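Colleague: I'm passing along upload10.txt; it holds compact mmCIF, C-alpha atoms.
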# COMPACT_ATOMS: atom_id res chain seq x y z
CA MET H 1054 21.37 24.52 101.80
CA ASP H 1055 22.88 22.60 98.89
CA SER H 1056 24.86 19.45 99.58
CA GLU H 1057 26.36 16.98 97.17
CA PRO H 1058 25.35 13.30 97.56
CA PRO H 1059 28.14 10.91 98.57
CA LYS H 1060 30.23 9.48 95.80
CA GLY H 1061 32.69 6.62 95.34
CA ASP H 1062 34.12 5.26 98.62
CA ASP H 1063 31.92 7.58 100.68
CA LEU H 1064 28.84 6.06 99.08
CA GLN H 1065 30.08 2.51 99.72
CA ARG H 1066 30.84 3.27 103.39
CA LEU H 1067 27.43 4.85 103.81
CA LEU H 1068 25.72 1.76 102.40
CA VAL H 1069 27.75 -0.58 104.64
CA THR H 1070 26.98 1.52 107.76
CA MET H 1071 23.29 1.58 106.93
CA LYS H 1072 23.28 -2.18 106.37
CA GLN H 1073 25.01 -2.85 109.73
CA ASP H 1074 22.59 -0.57 111.51
CA VAL H 1075 19.62 -2.40 110.03
CA LEU H 1076 21.03 -5.82 110.94
CA ALA H 1077 21.77 -4.65 114.47
CA ARG H 1078 18.20 -3.58 114.96
CA ALA H 1079 16.92 -6.86 113.61
CA THR H 1080 18.27 -8.92 116.58
CA PRO H 1081 15.87 -11.51 118.07
CA ARG H 1082 15.32 -9.60 121.37
CA ARG H 1083 11.84 -8.35 120.59
CA GLY H 1084 8.85 -9.81 118.83
CA PRO H 1085 8.57 -12.92 116.70
CA ARG H 1086 11.49 -13.76 114.45
CA ARG H 1087 9.41 -13.94 111.32
CA ARG H 1088 8.18 -10.41 111.76
CA ARG H 1089 11.63 -9.01 112.45
CA THR H 1090 13.10 -10.82 109.53
CA GLY H 1091 10.41 -9.40 107.24
CA ILE H 1092 11.08 -5.93 108.54
CA ALA H 1093 14.79 -6.34 107.96
CA ILE H 1094 14.31 -7.57 104.42
CA GLY H 1095 11.96 -4.68 103.63
CA VAL H 1096 14.36 -2.12 105.03
CA VAL H 1097 17.31 -3.57 103.11
CA ALA H 1098 15.25 -3.58 99.92
CA ALA H 1099 14.26 0.03 100.48
CA LEU H 1100 17.88 1.00 101.03
CA LEU H 1101 18.98 -0.80 97.93
CA LEU H 1102 16.26 0.85 95.87
CA GLY H 1103 17.15 4.20 97.30
CA ALA H 1104 20.81 3.63 96.58
CA ALA H 1105 19.96 2.60 93.04
CA GLY H 1106 17.87 5.71 92.60
CA GLY H 1107 20.72 7.80 93.91
CA SER H 1108 23.11 6.12 91.52
CA VAL H 1109 20.79 6.93 88.68
CA ALA H 1110 20.61 10.51 89.88
CA LEU H 1111 24.41 10.61 90.12
CA GLY H 1112 24.80 9.20 86.65
CA LEU H 1113 26.42 5.92 87.86
CA ILE H 1114 23.62 3.83 86.32
CA PRO H 1115 22.24 5.01 83.00
CA GLY H 1116 18.63 6.16 83.14
CA GLN H 1117 15.89 5.75 80.54
CA ASP H 1118 16.77 9.02 78.87
CA ASP H 1119 20.43 8.02 78.61
CA ARG H 1120 19.81 4.79 76.69
CA ALA H 1121 21.00 4.64 73.11
CA ALA H 1122 18.26 5.53 70.65
CA PRO H 1123 17.34 2.81 68.16
CA PRO H 1124 19.05 3.23 64.79
CA ALA H 1125 17.07 5.27 62.28
CA ALA H 1126 15.48 3.35 59.45
CA THR H 1127 17.56 3.48 56.32
CA ALA H 1128 15.64 4.12 53.11
CA THR H 1129 16.11 1.41 50.54
CA PRO H 1130 17.25 2.99 47.25
CA ASP H 1131 15.25 2.27 44.15
CA PRO H 1132 16.82 -0.37 41.93
CA THR H 1133 18.98 1.10 39.21
CA PRO H 1134 17.85 0.06 35.70
CA THR H 1135 20.25 -2.27 34.03
CA ARG H 1136 21.79 -0.84 30.89
CA THR H 1137 22.62 -2.91 27.90
CA PRO H 1138 26.39 -2.94 27.43
CA ASP H 1139 27.53 -0.60 24.70
CA GLY H 1140 29.05 -3.50 22.85
CA ALA H 1141 25.95 -5.68 22.96
CA PRO H 1142 24.30 -6.27 19.58
CA VAL H 1143 20.98 -4.50 18.95
CA VAL H 1144 18.38 -6.73 17.32
CA ASP H 1145 15.96 -4.82 15.11
CA SER H 1146 12.58 -6.13 14.04
CA PRO H 1147 12.57 -7.41 10.47
CA PRO H 1148 11.52 -4.74 7.95
CA THR H 1149 8.15 -5.00 6.31
CA PRO H 1150 8.62 -6.38 2.81
CA THR H 1151 7.81 -3.93 0.03
CA PRO H 1152 5.25 -5.23 -2.45
CA THR H 1153 6.80 -5.88 -5.83
CA SER H 1154 5.20 -5.51 -9.21
CA THR H 1155 3.79 -8.66 -10.74
CA ARG H 1156 5.31 -7.64 -14.07
CA PRO H 1157 8.73 -6.26 -15.05
CA PRO H 1158 9.11 -2.58 -15.97
CA TYR H 1159 7.66 -1.80 -19.39
CA ALA H 1160 9.46 -0.53 -22.46
CA VAL H 1161 7.89 2.59 -23.97
CA ASP H 1162 8.45 1.35 -27.51
CA ASP H 1163 7.01 -2.15 -26.88
CA PRO H 1164 3.28 -2.17 -26.01
CA ARG H 1165 3.47 -5.89 -25.26
CA THR H 1166 5.24 -4.97 -21.99
CA TRP H 1167 2.60 -2.45 -20.92
CA THR H 1168 0.26 -3.29 -18.04
CA ILE H 1169 -3.46 -2.53 -18.03
CA SER H 1170 -4.60 -1.43 -14.56
CA GLY H 1171 -7.33 0.73 -13.08
CA SER H 1172 -5.02 3.76 -13.06
CA GLU H 1173 -3.07 3.50 -16.31
CA VAL H 1174 -2.25 1.63 -19.49
CA GLY H 1175 1.50 1.58 -19.95
CA PRO H 1176 2.72 5.19 -19.97
CA VAL H 1177 -0.77 6.71 -20.20
CA ALA H 1178 -2.34 7.55 -16.82
CA LEU H 1179 -6.00 8.27 -16.28
CA GLY H 1180 -6.62 11.70 -14.78
CA GLY H 1181 -3.53 13.20 -16.41
CA ALA H 1182 -3.39 15.85 -19.09
CA VAL H 1183 -4.11 14.37 -22.53
CA ALA H 1184 -1.18 16.11 -24.24
CA ALA H 1185 1.33 15.00 -21.61
CA GLU H 1186 0.05 11.42 -21.32
CA THR H 1187 -0.14 10.71 -25.05
CA ASP H 1188 3.31 12.15 -25.74
CA ASP H 1189 5.02 8.80 -24.99
CA LEU H 1190 2.75 6.91 -27.40
CA SER H 1191 4.69 8.26 -30.36
CA ALA H 1192 7.56 5.89 -29.45
CA ALA H 1193 5.43 2.88 -30.50
CA PHE H 1194 2.48 4.29 -32.46
CA THR H 1195 1.45 6.87 -34.98
CA GLY H 1196 -1.37 9.26 -34.26
CA ASP H 1197 -4.37 8.93 -36.59
CA SER H 1198 -5.68 12.33 -37.56
CA ASN H 1199 -8.75 10.98 -39.35
CA CYS H 1200 -10.88 10.96 -36.16
CA PRO H 1201 -12.97 14.15 -36.15
CA ASN H 1202 -13.67 14.03 -32.40
CA PRO H 1203 -11.25 16.48 -30.70
CA ASP H 1204 -11.56 14.59 -27.42
CA VAL H 1205 -10.33 11.32 -28.95
CA SER H 1206 -6.84 10.44 -30.09
CA TRP H 1207 -6.35 7.22 -32.05
CA TRP H 1208 -2.94 5.52 -32.14
CA THR H 1209 -2.09 2.70 -34.53
CA ALA H 1210 0.91 0.68 -35.74
CA ASP H 1211 1.29 -2.28 -38.07
CA GLY H 1212 1.02 -5.58 -36.24
CA ARG H 1213 -0.03 -3.98 -32.96
CA THR H 1214 -3.30 -3.53 -31.10
CA PRO H 1215 -4.43 0.10 -31.46
CA ILE H 1216 -4.75 2.43 -28.45
CA ILE H 1217 -7.61 4.91 -28.14
CA VAL H 1218 -7.39 7.71 -25.59
CA VAL H 1219 -10.56 9.58 -24.62
CA GLY H 1220 -10.37 12.95 -22.87
CA GLN H 1221 -12.68 15.53 -21.42
CA ASP H 1222 -11.63 19.13 -20.75
CA GLY H 1223 -8.08 18.12 -21.58
CA VAL H 1224 -7.95 15.28 -18.99
CA VAL H 1225 -7.74 11.55 -19.80
CA THR H 1226 -11.03 9.89 -18.80
CA GLY H 1227 -10.83 6.58 -20.66
CA ILE H 1228 -8.45 4.31 -22.55
CA ALA H 1229 -9.41 1.54 -24.96
CA VAL H 1230 -6.99 -1.22 -26.00
CA GLY H 1231 -8.11 -2.81 -29.29
CA ASP H 1232 -10.97 -2.06 -31.66
CA PHE H 1233 -12.17 -5.57 -32.64
CA SER H 1234 -10.28 -5.26 -35.92
CA ALA H 1235 -7.62 -7.86 -35.25
CA ASP H 1236 -6.11 -9.98 -32.52
CA GLN H 1237 -2.65 -8.44 -32.28
CA PRO H 1238 -0.10 -8.48 -29.42
CA GLY H 1239 -0.64 -5.57 -27.05
CA PRO H 1240 -0.95 -4.49 -23.42
CA THR H 1241 -2.40 -6.97 -20.89
CA THR H 1242 -3.42 -6.96 -17.24
CA ALA H 1243 -1.05 -8.11 -14.47
CA GLU H 1244 -2.54 -11.58 -14.94
CA GLY H 1245 -1.60 -11.53 -18.63
CA LEU H 1246 -5.15 -11.10 -20.01
CA GLY H 1247 -6.24 -8.69 -22.73
CA VAL H 1248 -7.36 -8.71 -26.35
CA GLY H 1249 -7.74 -12.34 -27.45
CA SER H 1250 -8.43 -13.72 -23.94
CA THR H 1251 -11.45 -15.99 -23.63
CA LEU H 1252 -14.34 -15.73 -21.18
CA ALA H 1253 -13.18 -18.95 -19.50
CA GLU H 1254 -9.74 -17.44 -18.88
CA LEU H 1255 -11.30 -14.29 -17.43
CA ARG H 1256 -13.53 -16.26 -15.06
CA ALA H 1257 -10.58 -18.33 -13.87
CA ALA H 1258 -8.46 -15.24 -13.16
CA TYR H 1259 -11.14 -12.94 -11.70
CA PRO H 1260 -13.66 -14.35 -9.21
CA ASP H 1261 -15.24 -10.87 -9.02
CA LEU H 1262 -15.91 -10.72 -12.77
CA THR H 1263 -19.32 -9.15 -13.43
CA GLN H 1264 -21.31 -9.19 -16.64
CA VAL H 1265 -22.45 -5.90 -18.16
CA THR H 1266 -23.97 -4.90 -21.49
CA GLY H 1267 -22.19 -2.62 -23.95
CA THR H 1268 -23.81 0.51 -25.27
CA ASP H 1269 -24.53 -1.31 -28.53
CA GLY H 1270 -25.90 -4.39 -26.77
CA THR H 1271 -22.73 -6.48 -27.05
CA PRO H 1272 -21.77 -8.65 -24.04
CA ALA H 1273 -19.01 -7.41 -21.75
CA TRP H 1274 -17.43 -8.41 -18.43
CA THR H 1275 -15.91 -6.02 -15.91
CA ILE H 1276 -13.76 -5.92 -12.80
CA VAL H 1277 -12.91 -2.94 -10.55
CA ARG H 1278 -9.28 -2.07 -9.86
CA GLN H 1279 -7.95 1.12 -8.20
CA GLY H 1280 -11.49 2.47 -8.14
CA ARG H 1281 -12.07 2.16 -11.93
CA HIS H 1282 -13.58 -0.40 -14.27
CA ILE H 1283 -11.55 -2.68 -16.51
CA THR H 1284 -14.11 -3.99 -18.99
CA PHE H 1285 -13.48 -6.85 -21.41
CA SER H 1286 -15.79 -6.34 -24.41
CA MET H 1287 -16.69 -9.23 -26.75
CA GLY H 1288 -18.50 -9.61 -30.05
CA ARG H 1289 -22.13 -10.69 -30.24
CA ASP H 1290 -21.39 -14.25 -31.24
CA THR H 1291 -18.05 -14.84 -29.58
CA THR H 1292 -16.51 -15.32 -26.16
CA VAL H 1293 -13.15 -13.82 -27.11
CA THR H 1294 -12.15 -10.33 -25.92
CA GLY H 1295 -12.02 -7.79 -28.78
CA SER H 1296 -11.34 -4.66 -26.69
CA VAL H 1297 -10.36 -3.71 -23.12
CA TRP H 1298 -11.83 -0.49 -21.74
CA VAL H 1299 -10.51 1.36 -18.63
CA SER H 1300 -12.65 4.17 -17.19
CA ASP H 1301 -14.94 5.25 -14.39
CA GLU H 1302 -17.78 3.94 -16.56
CA ALA H 1303 -18.14 0.19 -17.05
CA GLN H 1304 -19.66 0.47 -20.55
CA GLU H 1305 -17.31 1.13 -23.42
CA PRO H 1306 -18.60 3.68 -25.97
CA SER H 1307 -19.93 2.07 -29.15
CA GLU H 1308 -18.48 4.90 -31.25
CA PHE H 1309 -15.46 7.10 -30.54
CA CYS H 1310 -15.15 9.37 -33.54
CA GLY H 1311 -18.77 9.83 -34.57
Do you think you could lay out the structure here as structure tokens?

Modeller:
Amino acid sequence: MDSEPPKGDDLQRLLVTMKQDVLARATPRRGPRRRRTGIAIGVVAALLLGAAGGSVALGLIPGQDDRAAPPAATATPDPTPTRTPDGAPVVDSPPTPTPTSTRPPYAVDDPRTWTISGSEVGPVALGGAVAAETDDLSAAFTGDSNCPNPDVSWWTADGRTPIIVVGQDGVVTGIAVGDFSADQPGPTTAEGLGVGSTLAELRAAYPDLTQVTGTDGTPAWTIVRQGRHITFSMGRDTTVTGSVWVSDEAQEPSEFCG
């Protein structure tokens, strides 16, 4: 048979009645006082525990299952990257300086402004077609048709160092500046050396200067620039440059038209 446990005032009256009943039985009429007192205390404790258990069962005292659950751990959001304000100045790394030429741009009609390098002499480039490369020479020189060699074109002008262009299969393979005939103004290297420069000047400007022997036994000195030789040829009994030869070969030919 189902019965509801006492609640409210009924529960309080029940507890008081039970307490009075226990105290009434614990009177000092029987047995030692210490024993009776211990019994009374134990009974009261049992009643209190039972009442507490009933209160838990009745929902008056919260049980273990009714306790508030600990708060769930909150995930810490990842830090948001800081953006540079739109108005903040952007500092760029300094640009790499562009190498500048050691000489000013040349004038086609003035060979004194032309530069001798391992790839070209003024407007004439090695590896280019002979007809196209020698076309600009007519602005400062006149072609000499007396040379019987079809692979050689000789260009001269009064008061200027002659230019000799050597080709093979229609491609420029060598350029000679000067022919030992005279010391006239003409093209020079980036360091300002050319026909008329002395051996001492060459040694001072080019630590890599190497001595070679010309095809006719004359002394010559060469450097390598852009993968080609720039050879300064001298007479047998002199230390002054009489011709500058640019080619894959270090030795300048002893004869161009023969």

Colleague: Go ahead and compute the interatomic distance for CA of Ser1250 in chain H and CA of Phe1194 in chain H, in Å to one decimal.

Modeller: 22.7 Å

Colleague: Would you mind telling me which residue in H:Ser1296, H:Thr1226, H:Thr1251, H:Ser1206 lies nearest to Ala1178 in chain H when using only C-alpha atoms?

Modeller: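 Answer, going by the shortest atom-to-atom distance: H:Thr1226.
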
Colleague: Neighbours of Trp1208 in chain H within 10 Å (all atoms listed in the file; same-chain residues fewer than 2 positions away dropped), as a PDB file with C-alpha atoms, in the frame of the given file?

Modeller:
ATOM      1  CA  THR H1187      -0.140  10.710 -25.050  1.00  0.00           C
ATOM      2  CA  LEU H1190       2.750   6.910 -27.400  1.00  0.00           C
ATOM      3  CA  SER H1191       4.690   8.260 -30.360  1.00  0.00           C
ATOM      4  CA  ALA H1193       5.430   2.880 -30.500  1.00  0.00           C
ATOM      5  CA  PHE H1194       2.480   4.290 -32.460  1.00  0.00           C
ATOM      6  CA  THR H1195       1.450   6.870 -34.980  1.00  0.00           C
ATOM      7  CA  GLY H1196      -1.370   9.260 -34.260  1.00  0.00           C
ATOM      8  CA  ASP H1197      -4.370   8.930 -36.590  1.00  0.00           C
ATOM      9  CA  SER H1198      -5.680  12.330 -37.560  1.00  0.00           C
ATOM     10  CA  VAL H1205     -10.330  11.320 -28.950  1.00  0.00           C
ATOM     11  CA  SER H1206      -6.840  10.440 -30.090  1.00  0.00           C
ATOM     12  CA  ALA H1210       0.910   0.680 -35.740  1.00  0.00           C
ATOM     13  CA  ARG H1213      -0.030  -3.980 -32.960  1.00  0.00           C
ATOM     14  CA  THR H1214      -3.300  -3.530 -31.100  1.00  0.00           C
ATOM     15  CA  PRO H1215      -4.430   0.100 -31.460  1.00  0.00           C
ATOM     16  CA  ILE H1216      -4.750   2.430 -28.450  1.00  0.00           C
ATOM     17  CA  ILE H1217      -7.610   4.910 -28.140  1.00  0.00           C
ATOM     18  CA  VAL H1218      -7.390   7.710 -25.590  1.00  0.00           C
ATOM     19  CA  VAL H1230      -6.990  -1.220 -26.000  1.00  0.00           C
TER      20      VAL H1230
END

Colleague: Could you pull the residues within 8 Å of Leu1246 in chain H, counting only C-alpha atoms, minus those fewer than 5 positions along the same chain, as a list in words?

Modeller: Thr1241, Glu1254 and Leu1255 of chain H

Colleague: Using only C-alpha atoms, which residues sit within 8 Å of range 1275-1285 of chain H once same-chain residues fewer than 3 positions away are excluded, as number ranges by chain?

Modeller: H: 1170-1172, 1247, 1259, 1261-1265, 1294-1305

Colleague: Here is a test: counting only C-alpha atoms, which residue of H:Pro1203, H:Gly1227, H:Pro1306, H:Gly1220 is nearest to Glu1173 in chain H?

Modeller: H:Gly1227

Colleague: Please compute the CA of Asp1189 in chain H-CA of Pro1164 in chain H distance, one decimal, in Å.

Modeller: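 Interatomic distance, CA of Asp1189 in chain H to CA of Pro1164 in chain H: 11.2 Å.
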
Colleague: As an exercise, work out the distance from CA of Gly1239 in chain H to CA of Cys1310 in chain H in Å and give it to one decimal place.

Modeller: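 Computed distance, CA of Gly1239 in chain H to CA of Cys1310 in chain H, equals 21.8 Å.
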
Colleague: Find the residues near Asp1188 in chain H: any atom within 10 Å, counting all atoms listed in the file, skip ones fewer than 4 places away on the same chain, and give them as a PyMOL selection string.

Modeller: chain H and resi 1176-1177+1183-1184+1192

Colleague: Could you check which of H:Pro1158, H:Gly1180, H:Gly1270, H:Gly1311 is closest to Gln1221 in chain H, using all atoms listed in the file?

Modeller: H:Gly1180

Colleague: Calculated over all atoms listed in the file, which of the candidates H:Ile1169, H:Gln1065, H:Gly1181, H:Met1071 has the smallest distance to Glu1244 in chain H?

Modeller: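 Ranking H:Ile1169, H:Gln1065, H:Gly1181, H:Met1071 by distance to Glu1244 in chain H, first place goes to H:Ile1169.
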
Colleague: Set up a box along x, y and z of the file covering all listed atoms of range 1226-1238 of chain H, add 8 Å on every one of the six sides, and write the centre and edge lengths in Å to one decimal, as AutoDock Vina command-line options.

Modeller:
--center_x -6.1 --center_y 0.0 --center_z -27.4 --size_x 28.1 --size_y 35.9 --size_z 33.1

Colleague: Rank nothing, just name the residue among H:Gly1175, H:Pro1272, H:Gly1212, H:Gly1231 nearest to Leu1252 in chain H, using all atoms listed in the file.

Modeller: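 With all atoms listed in the file as the atom set, the closest residue is H:Pro1272.
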